[in-house]
$ cat final25.txt   # compact mmCIF, C-alpha atoms and all ligand atoms
# COMPACT_ATOMS: atom_id res chain seq x y z
CA MET A 168 -32.12 -1.08 -5.96
CA THR A 169 -29.38 -3.72 -5.72
CA MET A 170 -26.10 -2.38 -4.41
CA LYS A 171 -22.89 -2.79 -6.41
CA ARG A 172 -20.52 -5.29 -4.82
CA LEU A 173 -16.82 -4.61 -4.37
CA LEU A 174 -14.38 -7.36 -3.40
CA LEU A 175 -11.20 -6.41 -1.50
CA ALA A 176 -8.48 -8.84 -2.56
CA THR A 177 -6.58 -8.71 0.70
CA GLY A 178 -6.70 -10.86 3.80
CA TYR A 179 -4.83 -8.29 5.86
CA ARG A 180 -7.18 -6.99 8.57
CA GLY A 181 -5.52 -3.58 8.93
CA LYS A 182 -5.97 -2.82 5.24
CA ILE A 183 -9.56 -4.11 5.13
CA LYS A 184 -10.41 -1.80 8.04
CA GLU A 185 -8.72 1.20 6.45
CA ILE A 186 -10.34 0.70 3.02
CA THR A 187 -13.80 -0.10 4.40
CA ALA A 188 -13.73 3.06 6.54
CA LEU A 189 -12.74 5.18 3.57
CA LEU A 190 -15.51 3.81 1.35
CA ALA A 191 -18.16 3.79 4.11
CA THR A 192 -20.15 6.70 2.68
CA LEU A 193 -20.58 5.02 -0.73
CA PRO A 194 -23.58 2.74 -1.46
CA LEU A 195 -21.46 -0.39 -1.93
CA GLU A 196 -21.57 -3.88 -0.50
CA VAL A 197 -17.92 -4.46 0.42
CA LEU A 198 -16.84 -8.12 0.37
CA THR A 199 -13.68 -9.63 1.85
CA PRO A 200 -11.98 -12.94 0.96
CA ALA A 201 -13.70 -14.55 3.97
CA ASP A 202 -17.14 -13.80 2.44
CA LEU A 203 -16.22 -15.95 -0.57
CA GLY A 204 -14.54 -18.74 1.40
CA GLY A 205 -11.03 -17.56 0.44
CA LEU A 206 -9.41 -16.38 -2.78
CA PRO A 207 -7.15 -18.00 -5.38
CA ALA A 208 -3.47 -17.50 -4.53
CA VAL A 209 -1.76 -15.04 -6.86
CA ASN A 210 2.03 -14.97 -7.10
CA GLU A 211 3.17 -11.35 -6.72
CA ASP A 212 6.14 -11.77 -9.06
CA GLN A 213 5.99 -8.54 -11.08
CA GLU A 214 8.79 -5.96 -11.04
CA THR A 215 6.56 -3.00 -10.15
CA PHE A 216 3.91 -2.26 -7.53
CA ALA A 217 1.45 -1.42 -10.32
CA GLY A 218 2.18 -4.73 -12.07
CA ASN A 219 1.51 -6.74 -8.92
CA ALA A 220 -1.67 -4.83 -8.03
CA ALA A 221 -3.05 -5.17 -11.58
CA LYS A 222 -2.19 -8.88 -11.80
CA LYS A 223 -3.86 -9.62 -8.48
CA ALA A 224 -7.01 -7.57 -9.20
CA TYR A 225 -7.38 -9.12 -12.66
CA ARG A 226 -6.82 -12.74 -11.60
CA VAL A 227 -9.18 -12.48 -8.65
CA SER A 228 -11.93 -10.74 -10.62
CA ARG A 229 -11.65 -13.39 -13.36
CA ALA A 230 -11.90 -16.21 -10.82
CA THR A 231 -14.79 -14.73 -8.84
CA GLY A 232 -16.69 -12.56 -11.34
CA GLU A 233 -16.58 -9.74 -8.76
CA ILE A 234 -15.42 -6.13 -9.21
CA THR A 235 -12.10 -6.40 -7.38
CA LEU A 236 -9.72 -4.00 -5.66
CA ALA A 237 -6.09 -5.05 -5.02
CA ASP A 238 -3.07 -3.12 -3.79
CA ASP A 239 0.67 -3.46 -3.54
CA SER A 240 3.01 -1.20 -1.63
CA GLY A 241 6.49 -0.88 -0.27
CA LEU A 242 9.53 1.26 0.40
CA GLU A 243 12.11 2.50 -2.11
CA VAL A 244 15.47 3.83 -0.92
CA GLU A 245 17.25 6.03 -3.45
CA ALA A 246 20.83 5.10 -2.46
CA LEU A 247 19.96 1.40 -2.74
CA GLY A 248 18.69 1.74 -6.30
CA GLY A 249 15.06 1.48 -5.18
CA LEU A 250 15.42 -1.48 -2.82
CA PRO A 251 13.64 -3.02 -0.96
CA GLY A 252 10.93 -2.11 -3.53
CA VAL A 253 8.55 -4.90 -4.49
CA ARG A 254 10.50 -7.15 -2.11
CA SER A 255 9.73 -4.95 0.92
CA ALA A 256 7.80 -7.63 2.84
CA ARG A 257 10.51 -10.28 2.43
CA PHE A 258 13.62 -8.08 2.20
CA ALA A 259 15.67 -10.05 4.76
CA GLY A 260 14.60 -13.40 3.28
CA PRO A 261 11.49 -15.57 2.94
CA GLY A 262 9.31 -15.28 6.03
CA ALA A 263 11.36 -12.34 7.39
CA ASP A 264 9.57 -10.25 10.03
CA ASP A 265 9.47 -6.44 10.25
CA ALA A 266 12.33 -6.30 12.78
CA ALA A 267 14.66 -8.36 10.54
CA ASN A 268 13.81 -6.23 7.49
CA ASN A 269 14.47 -3.04 9.45
CA ARG A 270 17.81 -4.36 10.76
CA LEU A 271 18.96 -5.20 7.24
CA LEU A 272 17.97 -1.77 5.95
CA LEU A 273 19.92 -0.03 8.73
CA LYS A 274 22.95 -2.24 8.05
CA LEU A 275 22.92 -1.37 4.33
CA LEU A 276 22.73 2.35 5.12
CA ALA A 277 25.25 2.33 8.00
CA GLY A 278 27.51 5.40 7.91
CA ARG A 279 25.49 7.11 5.16
CA PRO A 280 24.77 10.82 5.73
CA PRO A 281 21.15 12.11 5.71
CA ARG A 282 21.31 13.17 2.05
CA GLU A 283 21.93 9.52 1.12
CA ARG A 284 19.01 8.25 3.18
CA ARG A 285 16.23 9.61 0.98
CA ALA A 286 13.34 7.19 0.47
CA ARG A 287 9.70 7.02 -0.49
CA PHE A 288 6.79 4.79 0.33
CA ARG A 289 4.78 3.86 -2.73
CA CYS A 290 1.36 2.32 -3.20
CA ALA A 291 -0.48 1.15 -6.30
CA ILE A 292 -4.14 0.17 -6.24
CA ALA A 293 -5.88 -1.60 -9.13
CA LEU A 294 -9.61 -1.93 -9.71
CA SER A 295 -10.62 -4.70 -12.10
CA VAL A 296 -14.15 -4.60 -13.49
CA PRO A 297 -15.16 -7.88 -15.20
CA GLY A 298 -15.90 -7.33 -18.87
CA ASP A 299 -14.45 -3.82 -18.68
CA LYS A 300 -11.01 -2.54 -17.75
CA ILE A 301 -8.38 -2.46 -15.06
CA TYR A 302 -8.07 1.00 -13.53
CA LEU A 303 -4.90 1.99 -11.70
CA VAL A 304 -4.05 4.69 -9.18
CA ARG A 305 -0.82 5.42 -7.30
CA GLY A 306 0.22 7.29 -4.17
CA ASP A 307 3.72 8.24 -3.02
CA CYS A 308 5.08 9.67 0.22
CA PRO A 309 8.66 10.99 0.35
CA GLY A 310 10.80 10.77 3.49
CA ARG A 311 14.17 9.80 4.95
CA ILE A 312 15.49 6.71 6.72
CA ALA A 313 16.36 7.30 10.40
CA GLU A 314 19.62 6.14 12.04
CA GLU A 315 17.69 3.98 14.48
CA PRO A 316 14.05 2.91 15.04
CA ARG A 317 11.76 5.47 16.74
CA GLY A 318 8.15 5.05 17.92
CA ASP A 319 5.99 1.99 18.39
CA GLY A 320 2.92 2.62 16.24
CA GLY A 321 2.25 1.39 12.72
CA PHE A 322 3.93 -1.60 11.11
CA GLY A 323 6.67 -2.58 8.66
CA TYR A 324 9.27 0.14 8.10
CA ASP A 325 7.28 2.80 9.97
CA PRO A 326 9.81 3.15 12.86
CA LEU A 327 12.58 4.00 10.35
CA PHE A 328 10.63 6.29 8.02
CA ILE A 329 10.95 9.98 8.91
CA TYR A 330 8.10 12.13 7.59
CA GLU A 331 10.09 15.33 7.20
CA PRO A 332 7.38 18.01 7.43
CA VAL A 333 7.00 17.08 11.12
CA GLY A 334 10.40 15.42 11.77
CA LEU A 335 8.81 12.28 13.23
CA THR A 336 8.77 8.69 12.02
CA PHE A 337 5.52 7.14 10.79
CA ALA A 338 5.59 4.99 13.95
CA GLN A 339 5.47 8.18 16.07
CA LEU A 340 2.51 9.71 14.23
CA ASP A 341 -1.13 9.57 15.19
CA PRO A 342 -2.67 6.89 12.88
CA GLY A 343 -5.26 9.34 11.52
CA PHE A 344 -2.50 11.76 10.58
CA LYS A 345 -0.45 8.98 8.97
CA ASN A 346 -3.48 7.99 6.85
CA ARG A 347 -3.87 11.56 5.65
CA VAL A 348 -0.30 11.89 4.39
CA SER A 349 0.71 8.31 3.58
CA HIS A 350 1.17 6.72 0.16
CA ARG A 351 -1.82 4.41 0.84
CA GLY A 352 -4.03 7.26 2.04
CA ARG A 353 -3.21 9.26 -1.09
CA ALA A 354 -3.95 6.31 -3.39
CA LEU A 355 -7.15 5.44 -1.50
CA ARG A 356 -8.56 8.93 -1.86
CA GLN A 357 -8.13 8.57 -5.63
CA VAL A 358 -9.84 5.17 -5.49
CA TYR A 359 -12.79 6.81 -3.75
CA ARG A 360 -13.15 9.32 -6.59
CA LEU A 361 -12.63 6.59 -9.23
CA ILE A 362 -15.33 4.36 -7.76
CA LYS A 363 -17.74 7.26 -7.53
CA THR A 364 -17.14 8.10 -11.19
CA ILE A 365 -17.12 4.67 -12.83
CA LEU A 366 -19.26 2.49 -10.59
CA LEU A 367 -21.75 4.91 -9.14
CA PRO A 368 -22.82 7.30 -11.88
CA ALA A 369 -24.81 10.25 -10.60
CA GLY A 370 -28.55 9.67 -10.28
P1 LIG B 401 2.06 -5.29 0.82
O1 LIG B 401 1.50 -4.11 0.09
O2 LIG B 401 1.09 -5.88 1.77
O3 LIG B 401 2.68 -6.28 -0.12
O4 LIG B 401 3.21 -4.71 1.76
C1 LIG B 401 4.55 -4.74 1.42
C2 LIG B 401 5.47 -4.34 2.55
O5 LIG B 401 5.81 -2.97 2.37
C3 LIG B 401 4.94 -4.44 3.96
O6 LIG B 401 5.13 -5.72 4.50
C4 LIG B 401 5.84 -3.43 4.68
O7 LIG B 401 7.09 -4.00 4.94
C5 LIG B 401 6.03 -2.37 3.61
N1 LIG B 401 5.02 -1.30 3.76
C6 LIG B 401 4.00 -0.98 2.91
N2 LIG B 401 3.29 0.07 3.38
C7 LIG B 401 3.87 0.40 4.56
C8 LIG B 401 3.56 1.41 5.53
O8 LIG B 401 2.60 2.20 5.45
N3 LIG B 401 4.38 1.43 6.61
C9 LIG B 401 5.43 0.59 6.77
N4 LIG B 401 5.74 -0.36 5.92
C10 LIG B 401 4.97 -0.46 4.80
$ encode --input "final25.txt" --output "structure tokens" --more "lines below"
Ligand code: IMP
Amino acid sequence: MTMKRLLLATGYRGKIKEITALLATLPLEVLTPADLGGLPAVNEDQETFAGNAAKKAYRVSRATGEITLADDSGLEVEALGGLPGVRSARFAGPGADDAANNRLLLKLLAGRPPRERRARFRCAIALSVPGDKIYLVRGDCPGRIAEEPRGDGGFGYDPLFIYEPVGLTFAQLDPGFKNRVSHRGRALRQVYRLIKTILLPAG
């Protein structure tokens, strides 16, 4: 029996590792951009995470003919009208690093009490099946922005994002625990069920 192939439209090693581990028990041949000698560049210019994930999955599956999985994620802060949102990676400007993005976020929230520091991480994952449809799942994780960075694990806004059930930032959590409760973990568990249902029918 030939195994179904699934292309992950991300070059980011951390995400490839996380997704591959989650899908490891499924009979799939998981491909990465490197296996195809790179992927076409897709401009993530949509106004929503779902729009960007769907655009990327669709464009890449059209160009390669492969069943393709793409994701987009970021942080929304209520008091900032949902910023940084789809601009999370480049919040402090083109090429901004995590530290610069975090500094800008703290500056914008300076003096705000805890009730005005509510935020949520969001993740959208799209699965594009050539000749069929684009399927979409989402995962959210609510939290609060800290007054200063805490912890040195994770990446991005993790040191500022307090996961309230345990009162620690994502950067202070054990990575396995973060994956269980995070926006991406929640979306990925739905992807697992989706793939099982639509790509791997029973029998
Ligand atoms: P993308 O999904 O790779 O486009 O990521 C967008 C940006 O959102 C990242 O560069 C981070 O700044 C932020 N982000 C997304 N998920 C997380 C997370 O789990 N922790 C911290 N930051 C995140």
$ closest_residue --input "final25.txt" --among "A:Glu196, A:Glu233, A:Asp238, A:Asp341" --to "ligand LIG 401 (chain B)" --atoms "all atoms listed in the file"
A:Asp238
$ residues_around --input "final25.txt" --residues "Ala338 in chain A" --least-positions-apart "6" --cutoff "7 Å" --atoms "all atoms listed in the file" --output "list of chain:residue names"
A:Arg317, A:Gly318, A:Asp319, A:Gly320, A:Gly321, A:Asp325, A:Pro326
$ axis_aligned_box --input "final25.txt" --around "ligand LIG 401 (chain B)" --padding-each-side "8 Å" --output "JSON"
{"center_x": 4.1, "center_y": -2.0, "center_z": 3.3, "size_x": 22.0, "size_y": 24.5, "size_z": 22.9}
$ atom_distance --input "final25.txt" --atom1 "CA of Ala208 in chain A" --atom2 "CA of Ala221 in chain A"
14.2 Å
$ residues_near_ligand --input "final25.txt" --ligand "ligand LIG 401 (chain B)" --cutoff "6 Å" --atoms "all atoms listed in the file" --output "PyMOL selection string"
chain A and resi 239-242+255-256+322-325
$ residues_around --input "final25.txt" --residues "range 351-354 of chain A" --least-positions-apart "3" --cutoff "9 Å" --atoms "all atoms listed in the file" --output "number ranges by chain"
A: 185, 238, 240, 288-292, 304-308, 345-348, 357-359
$ closest_residue --input "final25.txt" --among "A:Lys171, A:Arg257, A:Lys300, A:Arg311" --to "Glu283 in chain A" --atoms "all atoms listed in the file"
A:Arg311
$ atom_distance --input "final25.txt" --atom1 "CA of Arg270 in chain A" --atom2 "CA of Ile183 in chain A"
27.9 Å
$ residues_around --input "final25.txt" --residues "Leu272 in chain A" --least-positions-apart "5" --cutoff "12 Å" --atoms "all atoms listed in the file" --output "VMD selection string"
chain A and resid 242 to 244 246 to 247 249 to 252 255 257 to 259 265 to 267 277 279 284 286 312 to 316 323 to 324 326 to 328
$ atom_distance --input "final25.txt" --atom1 "CA of Gln339 in chain A" --atom2 "CA of Val253 in chain A"
24.6 Å
$ closest_residue --input "final25.txt" --among "A:Ile301, A:Glu245, A:Pro281, A:Arg180" --to "Ala217 in chain A" --atoms "all atoms listed in the file"
A:Ile301
$ closest_residue --input "final25.txt" --among "A:Gly232, A:Ile362, A:Pro368, A:Leu355" --to "Ala188 in chain A" --atoms "all atoms listed in the file"
A:Leu355
$ residues_around --input "final25.txt" --residues "Thr187 in chain A" --least-positions-apart "6" --cutoff "12 Å" --atoms "only C-alpha atoms" --output "JSON, numbers by chain"
{"A": [173, 174, 175, 177, 180, 181, 193, 194, 195, 196, 197, 198, 199, 236, 355, 358, 359]}
$ residues_around --input "final25.txt" --residues "Arg226 in chain A" --least-positions-apart "3" --cutoff "12 Å" --atoms "only C-alpha atoms" --output "number ranges by chain"
A: 176, 206-211, 219-223, 229-237, 293-297, 301
$ closest_residue --input "final25.txt" --among "A:Ser228, A:Ser349, A:Thr215, A:Thr336" --to "Arg254 in chain A" --atoms "only C-alpha atoms"
A:Thr215
$ closest_residue --input "final25.txt" --among "A:Leu275, A:Leu190, A:Tyr302, A:Ile329" --to "Ala224 in chain A" --atoms "only C-alpha atoms"
A:Tyr302
$ decode --input "final25.txt" --residues "range 172-300 of chain A" --atoms "C-alpha atoms" --output "CSV table (one decimal), in the first residue's frame"
chain,number,residue,atom,x,y,z
A,172,ARG,CA,1.9,12.1,1.5
A,173,LEU,CA,1.5,15.3,3.6
A,174,LEU,CA,3.5,18.4,2.9
A,175,LEU,CA,4.2,20.8,5.8
A,176,ALA,CA,4.4,24.3,4.4
A,177,THR,CA,6.7,25.7,7.0
A,178,GLY,CA,10.5,26.0,7.1
A,179,TYR,CA,10.5,26.6,10.8
A,180,ARG,CA,12.2,23.7,12.5
A,181,GLY,CA,10.4,24.0,15.8
A,182,LYS,CA,7.0,23.7,14.2
A,183,ILE,CA,8.1,20.8,11.9
A,184,LYS,CA,9.3,18.9,15.0
A,185,GLU,CA,6.1,19.6,16.9
A,186,ILE,CA,3.7,18.7,14.0
A,187,THR,CA,5.7,15.6,13.0
A,188,ALA,CA,5.7,14.3,16.6
A,189,LEU,CA,1.9,14.8,16.8
A,190,LEU,CA,1.2,12.9,13.6
A,191,ALA,CA,3.8,10.2,14.2
A,192,THR,CA,1.2,7.5,14.9
A,193,LEU,CA,-0.6,8.0,11.5
A,194,PRO,CA,0.5,6.1,8.4
A,195,LEU,CA,1.6,9.2,6.5
A,196,GLU,CA,4.8,10.2,4.7
A,197,VAL,CA,5.4,13.7,6.0
A,198,LEU,CA,7.3,16.0,3.7
A,199,THR,CA,9.0,19.3,4.5
A,200,PRO,CA,10.0,22.1,2.1
A,201,ALA,CA,13.5,20.8,2.0
A,202,ASP,CA,12.3,17.5,0.5
A,203,LEU,CA,10.9,19.4,-2.5
A,204,GLY,CA,13.9,21.8,-2.9
A,205,GLY,CA,12.0,24.7,-1.3
A,206,LEU,CA,8.5,26.2,-1.7
A,207,PRO,CA,7.1,29.1,-3.6
A,208,ALA,CA,7.0,32.3,-1.5
A,209,VAL,CA,3.5,33.2,-0.4
A,210,ASN,CA,2.9,36.8,0.9
A,211,GLU,CA,1.0,36.5,4.2
A,212,ASP,CA,-1.0,39.7,3.6
A,213,GLN,CA,-4.5,38.6,4.8
A,214,GLU,CA,-6.3,40.3,7.7
A,215,THR,CA,-6.9,37.1,9.7
A,216,PHE,CA,-4.9,34.1,10.8
A,217,ALA,CA,-7.4,31.8,9.0
A,218,GLY,CA,-7.0,33.8,5.8
A,219,ASN,CA,-3.2,33.6,5.8
A,220,ALA,CA,-3.2,29.9,6.6
A,221,ALA,CA,-5.7,29.1,3.9
A,222,LYS,CA,-3.9,31.2,1.3
A,223,LYS,CA,-0.6,29.6,2.0
A,224,ALA,CA,-2.0,26.0,2.1
A,225,TYR,CA,-3.9,26.6,-1.2
A,226,ARG,CA,-1.0,28.2,-3.1
A,227,VAL,CA,1.5,25.6,-2.0
A,228,SER,CA,-0.7,22.7,-2.8
A,229,ARG,CA,-1.5,24.2,-6.3
A,230,ALA,CA,2.2,24.7,-7.0
A,231,THR,CA,3.3,21.2,-5.8
A,232,GLY,CA,0.3,19.0,-6.2
A,233,GLU,CA,0.8,17.8,-2.6
A,234,ILE,CA,-1.8,17.7,0.2
A,235,THR,CA,-0.5,20.6,2.2
A,236,LEU,CA,-0.8,21.8,5.8
A,237,ALA,CA,-0.1,25.5,6.6
A,238,ASP,CA,-0.5,27.5,9.8
A,239,ASP,CA,-0.6,31.1,11.0
A,240,SER,CA,-0.6,32.2,14.6
A,241,GLY,CA,-0.1,35.2,16.8
A,242,LEU,CA,-1.1,37.2,19.9
A,243,GLU,CA,-4.1,39.4,20.3
A,244,VAL,CA,-4.3,42.0,23.1
A,245,GLU,CA,-7.8,43.1,23.9
A,246,ALA,CA,-6.9,46.7,25.0
A,247,LEU,CA,-5.0,47.2,21.8
A,248,GLY,CA,-7.9,46.3,19.6
A,249,GLY,CA,-6.4,42.9,18.8
A,250,LEU,CA,-2.9,44.0,18.0
A,251,PRO,CA,-0.3,42.7,17.3
A,252,GLY,CA,-2.5,40.1,15.6
A,253,VAL,CA,-1.5,39.0,12.2
A,254,ARG,CA,1.5,41.4,12.5
A,255,SER,CA,2.8,39.5,15.6
A,256,ALA,CA,6.1,38.5,14.0
A,257,ARG,CA,7.0,42.0,12.7
A,258,PHE,CA,5.2,44.1,15.3
A,259,ALA,CA,8.1,46.4,16.0
A,260,GLY,CA,9.0,46.8,12.3
A,261,PRO,CA,10.3,44.7,9.4
A,262,GLY,CA,12.9,42.2,10.6
A,263,ALA,CA,12.1,42.9,14.3
A,264,ASP,CA,13.3,40.3,16.7
A,265,ASP,CA,11.3,38.8,19.7
A,266,ALA,CA,13.0,41.1,22.2
A,267,ALA,CA,12.0,44.3,20.2
A,268,ASN,CA,8.4,43.1,19.8
A,269,ASN,CA,8.2,42.3,23.5
A,270,ARG,CA,9.6,45.8,24.4
A,271,LEU,CA,7.0,47.5,22.2
A,272,LEU,CA,4.2,45.5,23.7
A,273,LEU,CA,5.2,46.4,27.2
A,274,LYS,CA,5.5,50.1,26.3
A,275,LEU,CA,2.0,50.2,24.8
A,276,LEU,CA,0.6,48.6,28.0
A,277,ALA,CA,2.7,50.6,30.4
A,278,GLY,CA,0.6,51.7,33.5
A,279,ARG,CA,-2.4,49.5,32.5
A,280,PRO,CA,-3.9,47.4,35.3
A,281,PRO,CA,-4.3,43.6,35.0
A,282,ARG,CA,-7.9,43.8,33.8
A,283,GLU,CA,-6.6,45.8,30.8
A,284,ARG,CA,-3.9,43.3,30.0
A,285,ARG,CA,-6.1,40.4,28.8
A,286,ALA,CA,-4.8,38.7,25.7
A,287,ARG,CA,-5.1,35.4,23.7
A,288,PHE,CA,-2.8,33.4,21.5
A,289,ARG,CA,-4.5,32.2,18.4
A,290,CYS,CA,-3.6,29.6,15.8
A,291,ALA,CA,-5.3,28.7,12.5
A,292,ILE,CA,-4.3,25.6,10.5
A,293,ALA,CA,-5.4,24.9,7.0
A,294,LEU,CA,-5.3,21.6,5.1
A,295,SER,CA,-5.5,21.9,1.3
A,296,VAL,CA,-6.3,18.8,-0.6
A,297,PRO,CA,-5.7,19.2,-4.4
A,298,GLY,CA,-8.9,18.7,-6.3
A,299,ASP,CA,-10.9,18.8,-3.1
A,300,LYS,CA,-11.3,21.4,-0.4
